[in-house]
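S.K.: Coordinates in structure.cif, mmCIF, N, CA and C atoms, are listed below.
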```
data_input
loop_
_atom_site.label_atom_id
_atom_site.label_comp_id
_atom_site.auth_asym_id
_atom_site.auth_seq_id
_atom_site.Cartn_x
_atom_site.Cartn_y
_atom_site.Cartn_z
N MET A 1 -37.99 57.89 42.42
CA MET A 1 -37.27 59.14 42.38
C MET A 1 -38.20 60.24 42.87
N LYS A 2 -37.67 61.13 43.67
CA LYS A 2 -38.48 62.23 44.19
C LYS A 2 -38.71 63.27 43.11
N THR A 3 -39.75 64.06 43.29
CA THR A 3 -40.13 65.03 42.26
C THR A 3 -39.12 66.15 42.09
N GLU A 4 -38.32 66.47 43.13
CA GLU A 4 -37.39 67.59 42.98
C GLU A 4 -36.31 67.32 41.93
N CYS A 5 -36.08 66.08 41.60
CA CYS A 5 -35.10 65.75 40.55
C CYS A 5 -35.77 65.55 39.19
N GLN A 6 -37.05 65.78 39.13
CA GLN A 6 -37.76 65.61 37.87
C GLN A 6 -38.27 66.93 37.30
N SER A 7 -38.04 68.01 37.99
CA SER A 7 -38.55 69.30 37.52
C SER A 7 -37.58 69.93 36.53
N GLU A 8 -37.83 71.17 36.22
CA GLU A 8 -36.95 71.89 35.30
C GLU A 8 -35.58 72.08 35.95
N TYR A 9 -35.14 73.32 36.06
CA TYR A 9 -33.82 73.60 36.62
C TYR A 9 -33.94 74.42 37.88
N PHE A 10 -32.89 74.38 38.69
CA PHE A 10 -32.85 75.11 39.95
C PHE A 10 -31.75 76.16 39.89
N GLY A 11 -32.01 77.30 40.48
CA GLY A 11 -30.99 78.33 40.57
C GLY A 11 -30.44 78.39 41.97
N PHE A 12 -29.13 78.54 42.07
CA PHE A 12 -28.48 78.69 43.37
C PHE A 12 -27.19 79.45 43.16
N SER A 13 -27.03 80.53 43.88
CA SER A 13 -25.79 81.32 43.87
C SER A 13 -25.37 81.71 42.45
N GLY A 14 -26.34 82.10 41.65
CA GLY A 14 -26.04 82.57 40.30
C GLY A 14 -25.80 81.47 39.27
N LYS A 15 -25.95 80.22 39.65
CA LYS A 15 -25.76 79.10 38.73
C LYS A 15 -27.07 78.35 38.56
N THR A 16 -27.17 77.59 37.49
CA THR A 16 -28.35 76.78 37.23
C THR A 16 -27.97 75.30 37.31
N TYR A 17 -28.82 74.52 37.98
CA TYR A 17 -28.55 73.11 38.21
C TYR A 17 -29.76 72.28 37.80
N PRO A 18 -29.55 71.03 37.37
CA PRO A 18 -30.68 70.18 36.99
C PRO A 18 -31.45 69.61 38.18
N CYS A 19 -30.82 69.51 39.36
CA CYS A 19 -31.51 69.01 40.55
C CYS A 19 -30.73 69.41 41.80
N PRO A 20 -31.36 69.33 42.98
CA PRO A 20 -30.68 69.72 44.22
C PRO A 20 -29.41 68.92 44.50
N LEU A 21 -29.35 67.68 44.07
CA LEU A 21 -28.14 66.89 44.27
C LEU A 21 -26.96 67.52 43.54
N SER A 22 -27.22 68.10 42.38
CA SER A 22 -26.16 68.79 41.64
C SER A 22 -25.64 70.00 42.42
N VAL A 23 -26.54 70.69 43.12
CA VAL A 23 -26.12 71.82 43.97
C VAL A 23 -25.19 71.30 45.06
N ALA A 24 -25.62 70.24 45.75
CA ALA A 24 -24.82 69.68 46.83
C ALA A 24 -23.45 69.22 46.34
N MET A 25 -23.42 68.54 45.21
CA MET A 25 -22.15 68.04 44.69
C MET A 25 -21.22 69.17 44.25
N ASP A 26 -21.80 70.26 43.76
CA ASP A 26 -20.97 71.41 43.41
C ASP A 26 -20.36 72.03 44.65
N LEU A 27 -21.11 72.06 45.74
CA LEU A 27 -20.62 72.67 46.97
C LEU A 27 -19.59 71.82 47.69
N VAL A 28 -19.77 70.50 47.74
CA VAL A 28 -18.90 69.65 48.56
C VAL A 28 -18.27 68.49 47.79
N GLY A 29 -18.51 68.41 46.49
CA GLY A 29 -17.98 67.31 45.71
C GLY A 29 -16.50 67.46 45.39
N GLY A 30 -15.96 66.45 44.78
CA GLY A 30 -14.54 66.45 44.43
C GLY A 30 -13.75 65.64 45.44
N LYS A 31 -12.47 65.55 45.20
CA LYS A 31 -11.61 64.71 46.02
C LYS A 31 -11.38 65.25 47.43
N TRP A 32 -11.35 66.58 47.60
CA TRP A 32 -10.88 67.15 48.85
C TRP A 32 -11.88 67.94 49.67
N LYS A 33 -12.92 68.51 49.07
CA LYS A 33 -13.79 69.44 49.81
C LYS A 33 -14.41 68.80 51.05
N ALA A 34 -15.01 67.64 50.91
CA ALA A 34 -15.64 66.99 52.07
C ALA A 34 -14.59 66.61 53.12
N VAL A 35 -13.40 66.25 52.67
CA VAL A 35 -12.33 65.88 53.61
C VAL A 35 -11.88 67.12 54.40
N ILE A 36 -11.80 68.25 53.75
CA ILE A 36 -11.46 69.51 54.44
C ILE A 36 -12.53 69.81 55.49
N LEU A 37 -13.80 69.70 55.11
CA LEU A 37 -14.89 69.96 56.06
C LEU A 37 -14.85 68.97 57.21
N TYR A 38 -14.50 67.72 56.93
CA TYR A 38 -14.37 66.70 57.97
C TYR A 38 -13.35 67.14 59.02
N HIS A 39 -12.22 67.65 58.57
CA HIS A 39 -11.16 68.05 59.50
C HIS A 39 -11.45 69.36 60.22
N LEU A 40 -12.41 70.12 59.74
CA LEU A 40 -12.79 71.36 60.42
C LEU A 40 -13.95 71.15 61.40
N GLN A 41 -14.56 69.97 61.41
CA GLN A 41 -15.71 69.76 62.28
C GLN A 41 -15.36 69.82 63.76
N GLY A 42 -14.10 69.59 64.10
CA GLY A 42 -13.67 69.66 65.50
C GLY A 42 -13.29 71.05 65.96
N GLY A 43 -13.29 72.01 65.06
CA GLY A 43 -12.94 73.37 65.42
C GLY A 43 -12.01 74.00 64.39
N ALA A 44 -11.72 75.27 64.59
CA ALA A 44 -10.90 76.04 63.65
C ALA A 44 -9.49 75.47 63.56
N LYS A 45 -8.92 75.57 62.36
CA LYS A 45 -7.55 75.13 62.13
C LYS A 45 -6.83 76.16 61.27
N ARG A 46 -5.54 76.26 61.49
CA ARG A 46 -4.70 77.10 60.64
C ARG A 46 -4.39 76.34 59.35
N PHE A 47 -3.94 77.08 58.34
CA PHE A 47 -3.65 76.49 57.03
C PHE A 47 -2.68 75.32 57.17
N GLY A 48 -1.60 75.51 57.90
CA GLY A 48 -0.60 74.46 58.06
C GLY A 48 -1.14 73.22 58.75
N GLU A 49 -2.01 73.42 59.73
CA GLU A 49 -2.63 72.28 60.42
C GLU A 49 -3.50 71.48 59.45
N LEU A 50 -4.27 72.19 58.63
CA LEU A 50 -5.09 71.51 57.64
C LEU A 50 -4.22 70.75 56.64
N HIS A 51 -3.15 71.40 56.18
CA HIS A 51 -2.28 70.77 55.20
C HIS A 51 -1.68 69.48 55.74
N GLU A 52 -1.33 69.46 57.01
CA GLU A 52 -0.79 68.24 57.63
C GLU A 52 -1.82 67.12 57.68
N CYS A 53 -3.09 67.46 57.80
CA CYS A 53 -4.16 66.46 57.88
C CYS A 53 -4.49 65.84 56.52
N LEU A 54 -4.01 66.44 55.44
CA LEU A 54 -4.43 66.05 54.10
C LEU A 54 -3.23 65.59 53.27
N PRO A 55 -2.77 64.37 53.47
CA PRO A 55 -1.62 63.90 52.70
C PRO A 55 -1.95 63.84 51.22
N GLY A 56 -1.06 64.34 50.42
CA GLY A 56 -1.24 64.29 48.98
C GLY A 56 -1.79 65.55 48.35
N ILE A 57 -2.29 66.48 49.14
CA ILE A 57 -2.82 67.72 48.57
C ILE A 57 -1.69 68.76 48.53
N THR A 58 -1.66 69.52 47.46
CA THR A 58 -0.65 70.58 47.38
C THR A 58 -1.18 71.83 48.09
N GLU A 59 -0.28 72.71 48.48
CA GLU A 59 -0.69 73.95 49.12
C GLU A 59 -1.54 74.79 48.18
N THR A 60 -1.22 74.75 46.88
CA THR A 60 -1.99 75.52 45.89
C THR A 60 -3.43 75.04 45.82
N ILE A 61 -3.62 73.74 45.76
CA ILE A 61 -4.97 73.17 45.68
C ILE A 61 -5.73 73.46 46.98
N LEU A 62 -5.09 73.27 48.13
CA LEU A 62 -5.74 73.54 49.40
C LEU A 62 -6.17 75.00 49.49
N SER A 63 -5.30 75.89 49.09
CA SER A 63 -5.63 77.32 49.11
C SER A 63 -6.83 77.61 48.21
N ARG A 64 -6.83 77.05 47.01
CA ARG A 64 -7.93 77.28 46.06
C ARG A 64 -9.25 76.74 46.60
N LEU A 65 -9.21 75.54 47.18
CA LEU A 65 -10.43 74.94 47.70
C LEU A 65 -10.96 75.68 48.93
N LEU A 66 -10.07 76.15 49.79
CA LEU A 66 -10.51 76.94 50.94
C LEU A 66 -11.17 78.23 50.48
N LYS A 67 -10.65 78.85 49.43
CA LYS A 67 -11.27 80.05 48.87
C LYS A 67 -12.65 79.73 48.31
N GLN A 68 -12.79 78.59 47.62
CA GLN A 68 -14.10 78.18 47.09
C GLN A 68 -15.09 77.91 48.22
N LEU A 69 -14.65 77.18 49.24
CA LEU A 69 -15.52 76.88 50.37
C LEU A 69 -15.92 78.15 51.12
N GLU A 70 -15.00 79.09 51.20
CA GLU A 70 -15.32 80.38 51.83
C GLU A 70 -16.32 81.16 50.97
N HIS A 71 -16.09 81.19 49.68
CA HIS A 71 -16.99 81.88 48.75
C HIS A 71 -18.40 81.30 48.80
N ASP A 72 -18.49 79.98 48.94
CA ASP A 72 -19.79 79.30 48.99
C ASP A 72 -20.44 79.37 50.37
N GLY A 73 -19.74 79.93 51.35
CA GLY A 73 -20.31 80.13 52.68
C GLY A 73 -20.21 78.95 53.62
N LEU A 74 -19.42 77.93 53.25
CA LEU A 74 -19.26 76.75 54.10
C LEU A 74 -18.16 76.91 55.14
N VAL A 75 -17.19 77.75 54.83
CA VAL A 75 -16.02 77.95 55.69
C VAL A 75 -15.81 79.45 55.88
N SER A 76 -15.41 79.81 57.09
CA SER A 76 -15.04 81.20 57.35
C SER A 76 -13.52 81.29 57.51
N ARG A 77 -13.00 82.44 57.19
CA ARG A 77 -11.56 82.70 57.30
C ARG A 77 -11.38 83.90 58.20
N GLN A 78 -10.60 83.74 59.26
CA GLN A 78 -10.36 84.85 60.17
C GLN A 78 -8.86 85.09 60.28
N VAL A 79 -8.47 86.35 60.07
CA VAL A 79 -7.06 86.74 60.13
C VAL A 79 -6.82 87.48 61.43
N PHE A 80 -5.77 87.07 62.14
CA PHE A 80 -5.40 87.71 63.40
C PHE A 80 -4.07 88.42 63.21
N GLY A 81 -3.93 89.58 63.82
CA GLY A 81 -2.68 90.32 63.75
C GLY A 81 -2.73 91.42 62.74
N ILE A 82 -1.72 92.29 62.82
CA ILE A 82 -1.65 93.44 61.93
C ILE A 82 -0.48 93.32 60.96
N LYS A 83 0.66 92.85 61.47
CA LYS A 83 1.81 92.72 60.59
C LYS A 83 2.26 91.27 60.51
N PRO A 84 2.90 90.92 59.40
CA PRO A 84 3.33 89.53 59.18
C PRO A 84 4.28 89.05 60.26
N PRO A 85 4.26 87.76 60.54
CA PRO A 85 3.37 86.76 59.95
C PRO A 85 1.98 86.83 60.58
N LEU A 86 0.96 86.86 59.75
CA LEU A 86 -0.41 86.89 60.21
C LEU A 86 -0.87 85.47 60.54
N LYS A 87 -1.75 85.36 61.49
CA LYS A 87 -2.32 84.06 61.84
C LYS A 87 -3.70 84.00 61.19
N THR A 88 -3.92 82.99 60.36
CA THR A 88 -5.20 82.81 59.68
C THR A 88 -5.80 81.48 60.09
N GLU A 89 -7.06 81.52 60.51
CA GLU A 89 -7.76 80.30 60.89
C GLU A 89 -8.99 80.10 60.01
N TYR A 90 -9.27 78.85 59.74
CA TYR A 90 -10.44 78.46 58.96
C TYR A 90 -11.37 77.66 59.87
N ALA A 91 -12.66 77.92 59.75
CA ALA A 91 -13.64 77.23 60.58
C ALA A 91 -14.92 77.01 59.77
N LEU A 92 -15.72 76.06 60.21
CA LEU A 92 -17.02 75.84 59.59
C LEU A 92 -17.95 76.98 59.95
N THR A 93 -18.76 77.41 59.01
CA THR A 93 -19.82 78.35 59.29
C THR A 93 -21.05 77.56 59.74
N VAL A 94 -22.11 78.25 60.09
CA VAL A 94 -23.36 77.56 60.43
C VAL A 94 -23.84 76.76 59.22
N PHE A 95 -23.73 77.37 58.04
CA PHE A 95 -24.11 76.67 56.81
C PHE A 95 -23.23 75.43 56.60
N GLY A 96 -21.94 75.55 56.82
CA GLY A 96 -21.03 74.41 56.71
C GLY A 96 -21.37 73.33 57.72
N GLY A 97 -21.75 73.74 58.92
CA GLY A 97 -22.15 72.78 59.94
C GLY A 97 -23.40 72.01 59.57
N SER A 98 -24.25 72.62 58.73
CA SER A 98 -25.47 71.92 58.31
C SER A 98 -25.16 70.71 57.43
N PHE A 99 -23.93 70.63 56.91
CA PHE A 99 -23.50 69.49 56.10
C PHE A 99 -23.02 68.32 56.97
N LEU A 100 -22.78 68.54 58.25
CA LEU A 100 -22.18 67.50 59.10
C LEU A 100 -23.00 66.21 59.20
N PRO A 101 -24.34 66.25 59.26
CA PRO A 101 -25.07 64.97 59.27
C PRO A 101 -24.84 64.16 57.99
N ALA A 102 -24.82 64.83 56.85
CA ALA A 102 -24.54 64.12 55.59
C ALA A 102 -23.10 63.62 55.57
N LEU A 103 -22.19 64.42 56.10
CA LEU A 103 -20.78 64.02 56.16
C LEU A 103 -20.62 62.79 57.06
N ALA A 104 -21.33 62.75 58.18
CA ALA A 104 -21.26 61.59 59.07
C ALA A 104 -21.77 60.34 58.36
N ALA A 105 -22.85 60.48 57.61
CA ALA A 105 -23.39 59.34 56.86
C ALA A 105 -22.39 58.86 55.80
N LEU A 106 -21.77 59.80 55.10
CA LEU A 106 -20.76 59.43 54.09
C LEU A 106 -19.55 58.76 54.73
N THR A 107 -19.14 59.25 55.90
CA THR A 107 -18.01 58.66 56.61
C THR A 107 -18.34 57.24 57.04
N ASP A 108 -19.53 57.04 57.59
CA ASP A 108 -19.96 55.69 58.00
C ASP A 108 -19.98 54.75 56.80
N TRP A 109 -20.53 55.22 55.69
CA TRP A 109 -20.60 54.39 54.50
C TRP A 109 -19.19 54.06 53.99
N GLY A 110 -18.31 55.06 53.98
CA GLY A 110 -16.93 54.82 53.55
C GLY A 110 -16.23 53.80 54.43
N ASN A 111 -16.44 53.88 55.75
CA ASN A 111 -15.86 52.90 56.67
C ASN A 111 -16.41 51.50 56.39
N GLN A 112 -17.70 51.41 56.10
CA GLN A 112 -18.32 50.12 55.78
C GLN A 112 -17.74 49.54 54.50
N VAL A 113 -17.57 50.37 53.47
CA VAL A 113 -17.01 49.90 52.20
C VAL A 113 -15.59 49.39 52.40
N VAL A 114 -14.78 50.14 53.14
CA VAL A 114 -13.40 49.71 53.36
C VAL A 114 -13.37 48.41 54.16
N THR A 115 -14.23 48.29 55.17
CA THR A 115 -14.28 47.08 55.99
C THR A 115 -14.70 45.87 55.17
N GLU A 116 -15.71 46.04 54.33
CA GLU A 116 -16.26 44.91 53.59
C GLU A 116 -15.54 44.60 52.29
N ARG A 117 -15.01 45.61 51.63
CA ARG A 117 -14.47 45.41 50.28
C ARG A 117 -13.05 45.89 50.06
N GLY A 118 -12.51 46.59 51.02
CA GLY A 118 -11.19 47.19 50.81
C GLY A 118 -10.15 46.61 51.74
N SER A 119 -9.08 47.32 51.85
CA SER A 119 -8.03 46.94 52.77
C SER A 119 -7.36 48.21 53.27
N LEU A 120 -6.78 48.10 54.45
CA LEU A 120 -6.08 49.24 55.02
C LEU A 120 -4.65 49.25 54.49
N SER A 121 -4.19 50.41 54.14
CA SER A 121 -2.83 50.55 53.65
C SER A 121 -1.88 50.68 54.83
N VAL A 122 -0.72 50.12 54.70
CA VAL A 122 0.28 50.22 55.75
C VAL A 122 1.29 51.33 55.45
N GLN A 123 1.05 52.08 54.38
CA GLN A 123 1.95 53.18 54.05
C GLN A 123 1.82 54.29 55.08
N THR A 124 2.90 54.99 55.30
CA THR A 124 2.84 56.15 56.16
C THR A 124 2.38 57.34 55.35
N ARG A 125 2.01 58.40 56.02
CA ARG A 125 1.55 59.60 55.32
C ARG A 125 2.64 60.16 54.42
N ARG A 126 3.87 60.10 54.84
CA ARG A 126 4.96 60.64 54.02
C ARG A 126 5.12 59.86 52.72
N ALA A 127 4.81 58.56 52.77
CA ALA A 127 4.95 57.73 51.58
C ALA A 127 3.88 58.03 50.53
N LEU A 128 2.77 58.61 50.97
CA LEU A 128 1.70 58.93 50.04
C LEU A 128 2.13 60.12 49.27
#
```
Would you mind writing the structure in this file as structure tokens?

M.R.:
Amino acid sequence: MKTECQSEYFGFSGKTYPCPLSVAMDLVGGKWKAVILYHLQGGAKRFGELHECLPGITETILSRLLKQLEHDGLVSRQVFGIKPPLKTEYALTVFGGSFLPALAALTDWGNQVVTERGSLSVQTRRAL
């Protein structure tokens, strides 16, 4: 084990963590955050486009997570227009882009696990 996980506590963004891995998991952990970042790696997307990419997520949860990711500096939100309907796009920030190598490694590992130990579902997105 590396020494950074054996020291006291770490401060980041006003919170205290037991190790740097805890910081990372707070920023990108959970069921949807990394998946949202995965879908933004190709460029900015509107809310509806993101929602279509994420079967099973509610609009409320997606909205809340995008706000968290924006607050943490991983995602930027840009609003276009003056009067409704406004066009809002979400994109990775430079900080969010710094997560892409780790995201690629997680994606590769997930593909390996599914190939070796899982199975592909034949359900359509609507069925989920």

S.K.: For Thr58 (chain A), which residue among A:Gly81, A:Asp26, A:Trp32, A:Leu100 is the nearest when counting only C-alpha atoms?

M.R.: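 Checking each candidate against Thr58 (chain A), we get A:Trp32 as the closest.
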
S.K.: Using DSSP secondary structure from the backbone, list all alpha helix (DSSP H) positions within chain A, as number ranges by chain.

M.R.: A: 20-28, 33-40, 47-53, 59-71, 94-97, 100-117

S.K.: Could you tell me which residues the PyMOL selection byres (((chain A and resi 39-47 and name CA) around 7) and name CA) grabs in this file, written as a PDB file with N, CA and C atoms, in the frame of the given file?

M.R.:
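So expr_13.pdb came out as:
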```
ATOM      1  N   VAL A  35     -13.400  66.250  52.670  1.00  0.00           N
ATOM      2  CA  VAL A  35     -12.330  65.880  53.610  1.00  0.00           C
ATOM      3  C   VAL A  35     -11.880  67.120  54.400  1.00  0.00           C
ATOM      4  N   ILE A  36     -11.800  68.250  53.750  1.00  0.00           N
ATOM      5  CA  ILE A  36     -11.460  69.510  54.440  1.00  0.00           C
ATOM      6  C   ILE A  36     -12.530  69.810  55.490  1.00  0.00           C
ATOM      7  N   LEU A  37     -13.800  69.700  55.110  1.00  0.00           N
ATOM      8  CA  LEU A  37     -14.890  69.960  56.060  1.00  0.00           C
ATOM      9  C   LEU A  37     -14.850  68.970  57.210  1.00  0.00           C
ATOM     10  N   TYR A  38     -14.500  67.720  56.930  1.00  0.00           N
ATOM     11  CA  TYR A  38     -14.370  66.700  57.970  1.00  0.00           C
ATOM     12  C   TYR A  38     -13.350  67.140  59.020  1.00  0.00           C
ATOM     13  N   GLY A  48      -1.600  75.510  57.900  1.00  0.00           N
ATOM     14  CA  GLY A  48      -0.600  74.460  58.060  1.00  0.00           C
ATOM     15  C   GLY A  48      -1.140  73.220  58.750  1.00  0.00           C
ATOM     16  N   GLU A  49      -2.010  73.420  59.730  1.00  0.00           N
ATOM     17  CA  GLU A  49      -2.630  72.280  60.420  1.00  0.00           C
ATOM     18  C   GLU A  49      -3.500  71.480  59.450  1.00  0.00           C
ATOM     19  N   LEU A  50      -4.270  72.190  58.630  1.00  0.00           N
ATOM     20  CA  LEU A  50      -5.090  71.510  57.640  1.00  0.00           C
ATOM     21  C   LEU A  50      -4.220  70.750  56.640  1.00  0.00           C
ATOM     22  N   HIS A  51      -3.150  71.400  56.180  1.00  0.00           N
ATOM     23  CA  HIS A  51      -2.280  70.770  55.200  1.00  0.00           C
ATOM     24  C   HIS A  51      -1.680  69.480  55.740  1.00  0.00           C
ATOM     25  N   THR A  88      -3.920  82.990  60.360  1.00  0.00           N
ATOM     26  CA  THR A  88      -5.200  82.810  59.680  1.00  0.00           C
ATOM     27  C   THR A  88      -5.800  81.480  60.090  1.00  0.00           C
ATOM     28  N   GLU A  89      -7.060  81.520  60.510  1.00  0.00           N
ATOM     29  CA  GLU A  89      -7.760  80.300  60.890  1.00  0.00           C
ATOM     30  C   GLU A  89      -8.990  80.100  60.010  1.00  0.00           C
ATOM     31  N   TYR A  90      -9.270  78.850  59.740  1.00  0.00           N
ATOM     32  CA  TYR A  90     -10.440  78.460  58.960  1.00  0.00           C
ATOM     33  C   TYR A  90     -11.370  77.660  59.870  1.00  0.00           C
ATOM     34  N   ALA A  91     -12.660  77.920  59.750  1.00  0.00           N
ATOM     35  CA  ALA A  91     -13.640  77.230  60.580  1.00  0.00           C
ATOM     36  C   ALA A  91     -14.920  77.010  59.770  1.00  0.00           C
ATOM     37  N   LEU A  92     -15.720  76.060  60.210  1.00  0.00           N
ATOM     38  CA  LEU A  92     -17.020  75.840  59.590  1.00  0.00           C
ATOM     39  C   LEU A  92     -17.950  76.980  59.950  1.00  0.00           C
TER      40      LEU A  92
END
```

S.K.: From a backbone DSSP assignment, name each residue in chain A labelled strand (DSSP E), as an MDAnalysis selection string.

M.R.: chainID A and resid 10:12 15:17 45:46 75:80 87:92

S.K.: Of the candidates A:Leu21, A:Gly96, A:Ile61, A:Cys53, which shows the shortest atom-to-atom distance to Leu74 (chain A), using only N, CA and C atoms?

M.R.: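 Under the stated criterion, the closest residue is A:Gly96.
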
S.K.: CA of Lys87 (chain A) to CA of Leu27 (chain A): how many Å, to one decimal?

M.R.: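 Result for CA of Lys87 (chain A) versus CA of Leu27 (chain A): 26.2 Å, one decimal.
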
S.K.: Just give me the gap between atom N of Pro101 (chain A) and atom N of Ala34 (chain A) in Å, one decimal is fine.

M.R.: 12.6 Å

S.K.: CA of Gln112 (chain A) and CA of Ser98 (chain A), how far apart in Å?

M.R.: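 So the two atoms, CA of Ser98 (chain A) and CA of Gln112 (chain A), lie 23.1 Å apart.
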
S.K.: Would you please take region 87-104 of chain A of the structure in the block above and write N, CA, C and O atoms to a file as an mmCIF file, in the first residue's frame?

M.R.:
```cif
data_model
loop_
_atom_site.group_PDB
_atom_site.id
_atom_site.type_symbol
_atom_site.label_atom_id
_atom_site.label_comp_id
_atom_site.auth_asym_id
_atom_site.auth_seq_id
_atom_site.Cartn_x
_atom_site.Cartn_y
_atom_site.Cartn_z
ATOM 1 N N LYS A 87 -31.303 26.829 -24.793
ATOM 2 C CA LYS A 87 -30.501 25.657 -25.142
ATOM 3 C C LYS A 87 -29.371 25.571 -24.122
ATOM 4 O O LYS A 87 -28.614 26.518 -23.941
ATOM 5 N N THR A 88 -29.284 24.445 -23.427
ATOM 6 C CA THR A 88 -28.247 24.230 -22.423
ATOM 7 C C THR A 88 -27.401 23.039 -22.835
ATOM 8 O O THR A 88 -27.924 21.979 -23.167
ATOM 9 N N GLU A 89 -26.086 23.236 -22.833
ATOM 10 C CA GLU A 89 -25.166 22.157 -23.161
ATOM 11 C C GLU A 89 -24.232 21.887 -21.995
ATOM 12 O O GLU A 89 -23.827 22.803 -21.285
ATOM 13 N N TYR A 90 -23.895 20.624 -21.842
ATOM 14 C CA TYR A 90 -22.968 20.180 -20.816
ATOM 15 C C TYR A 90 -21.727 19.620 -21.509
ATOM 16 O O TYR A 90 -21.839 18.931 -22.522
ATOM 17 N N ALA A 91 -20.559 19.944 -20.960
ATOM 18 C CA ALA A 91 -19.305 19.481 -21.546
ATOM 19 C C ALA A 91 -18.300 19.205 -20.431
ATOM 20 O O ALA A 91 -18.431 19.724 -19.315
ATOM 21 N N LEU A 92 -17.307 18.403 -20.741
ATOM 22 C CA LEU A 92 -16.227 18.162 -19.795
ATOM 23 C C LEU A 92 -15.371 19.414 -19.678
ATOM 24 O O LEU A 92 -15.112 20.094 -20.668
ATOM 25 N N THR A 93 -14.925 19.712 -18.485
ATOM 26 C CA THR A 93 -13.948 20.763 -18.270
ATOM 27 C C THR A 93 -12.550 20.145 -18.445
ATOM 28 O O THR A 93 -12.422 18.925 -18.628
ATOM 29 N N VAL A 94 -11.527 20.960 -18.342
ATOM 30 C CA VAL A 94 -10.161 20.430 -18.379
ATOM 31 C C VAL A 94 -9.966 19.455 -17.220
ATOM 32 O O VAL A 94 -9.389 18.378 -17.385
ATOM 33 N N PHE A 95 -10.478 19.826 -16.049
ATOM 34 C CA PHE A 95 -10.393 18.941 -14.889
ATOM 35 C C PHE A 95 -11.141 17.633 -15.152
ATOM 36 O O PHE A 95 -10.648 16.542 -14.845
ATOM 37 N N GLY A 96 -12.322 17.708 -15.733
ATOM 38 C CA GLY A 96 -13.078 16.505 -16.080
ATOM 39 C C GLY A 96 -12.334 15.646 -17.090
ATOM 40 O O GLY A 96 -12.339 14.419 -17.003
ATOM 41 N N GLY A 97 -11.675 16.296 -18.041
ATOM 42 C CA GLY A 97 -10.885 15.573 -19.030
ATOM 43 C C GLY A 97 -9.709 14.829 -18.416
ATOM 44 O O GLY A 97 -9.266 13.815 -18.958
ATOM 45 N N SER A 98 -9.227 15.328 -17.273
ATOM 46 C CA SER A 98 -8.105 14.646 -16.614
ATOM 47 C C SER A 98 -8.513 13.279 -16.065
ATOM 48 O O SER A 98 -7.657 12.454 -15.756
ATOM 49 N N PHE A 99 -9.820 13.030 -15.962
ATOM 50 C CA PHE A 99 -10.330 11.730 -15.512
ATOM 51 C C PHE A 99 -10.388 10.711 -16.651
ATOM 52 O O PHE A 99 -10.497 9.511 -16.411
ATOM 53 N N LEU A 100 -10.276 11.146 -17.899
ATOM 54 C CA LEU A 100 -10.471 10.240 -19.040
ATOM 55 C C LEU A 100 -9.513 9.048 -19.073
ATOM 56 O O LEU A 100 -9.943 7.938 -19.415
ATOM 57 N N PRO A 101 -8.231 9.189 -18.724
ATOM 58 C CA PRO A 101 -7.385 7.982 -18.703
ATOM 59 C C PRO A 101 -7.876 6.934 -17.694
ATOM 60 O O PRO A 101 -7.882 5.738 -17.994
ATOM 61 N N ALA A 102 -8.308 7.383 -16.528
ATOM 62 C CA ALA A 102 -8.849 6.444 -15.535
ATOM 63 C C ALA A 102 -10.160 5.849 -16.038
ATOM 64 O O ALA A 102 -10.424 4.657 -15.853
ATOM 65 N N LEU A 103 -10.972 6.666 -16.689
ATOM 66 C CA LEU A 103 -12.241 6.191 -17.243
ATOM 67 C C LEU A 103 -11.994 5.144 -18.320
ATOM 68 O O LEU A 103 -12.693 4.123 -18.378
ATOM 69 N N ALA A 104 -10.988 5.352 -19.159
ATOM 70 C CA ALA A 104 -10.660 4.370 -20.201
ATOM 71 C C ALA A 104 -10.232 3.047 -19.570
ATOM 72 O O ALA A 104 -10.634 1.973 -20.031
#
```
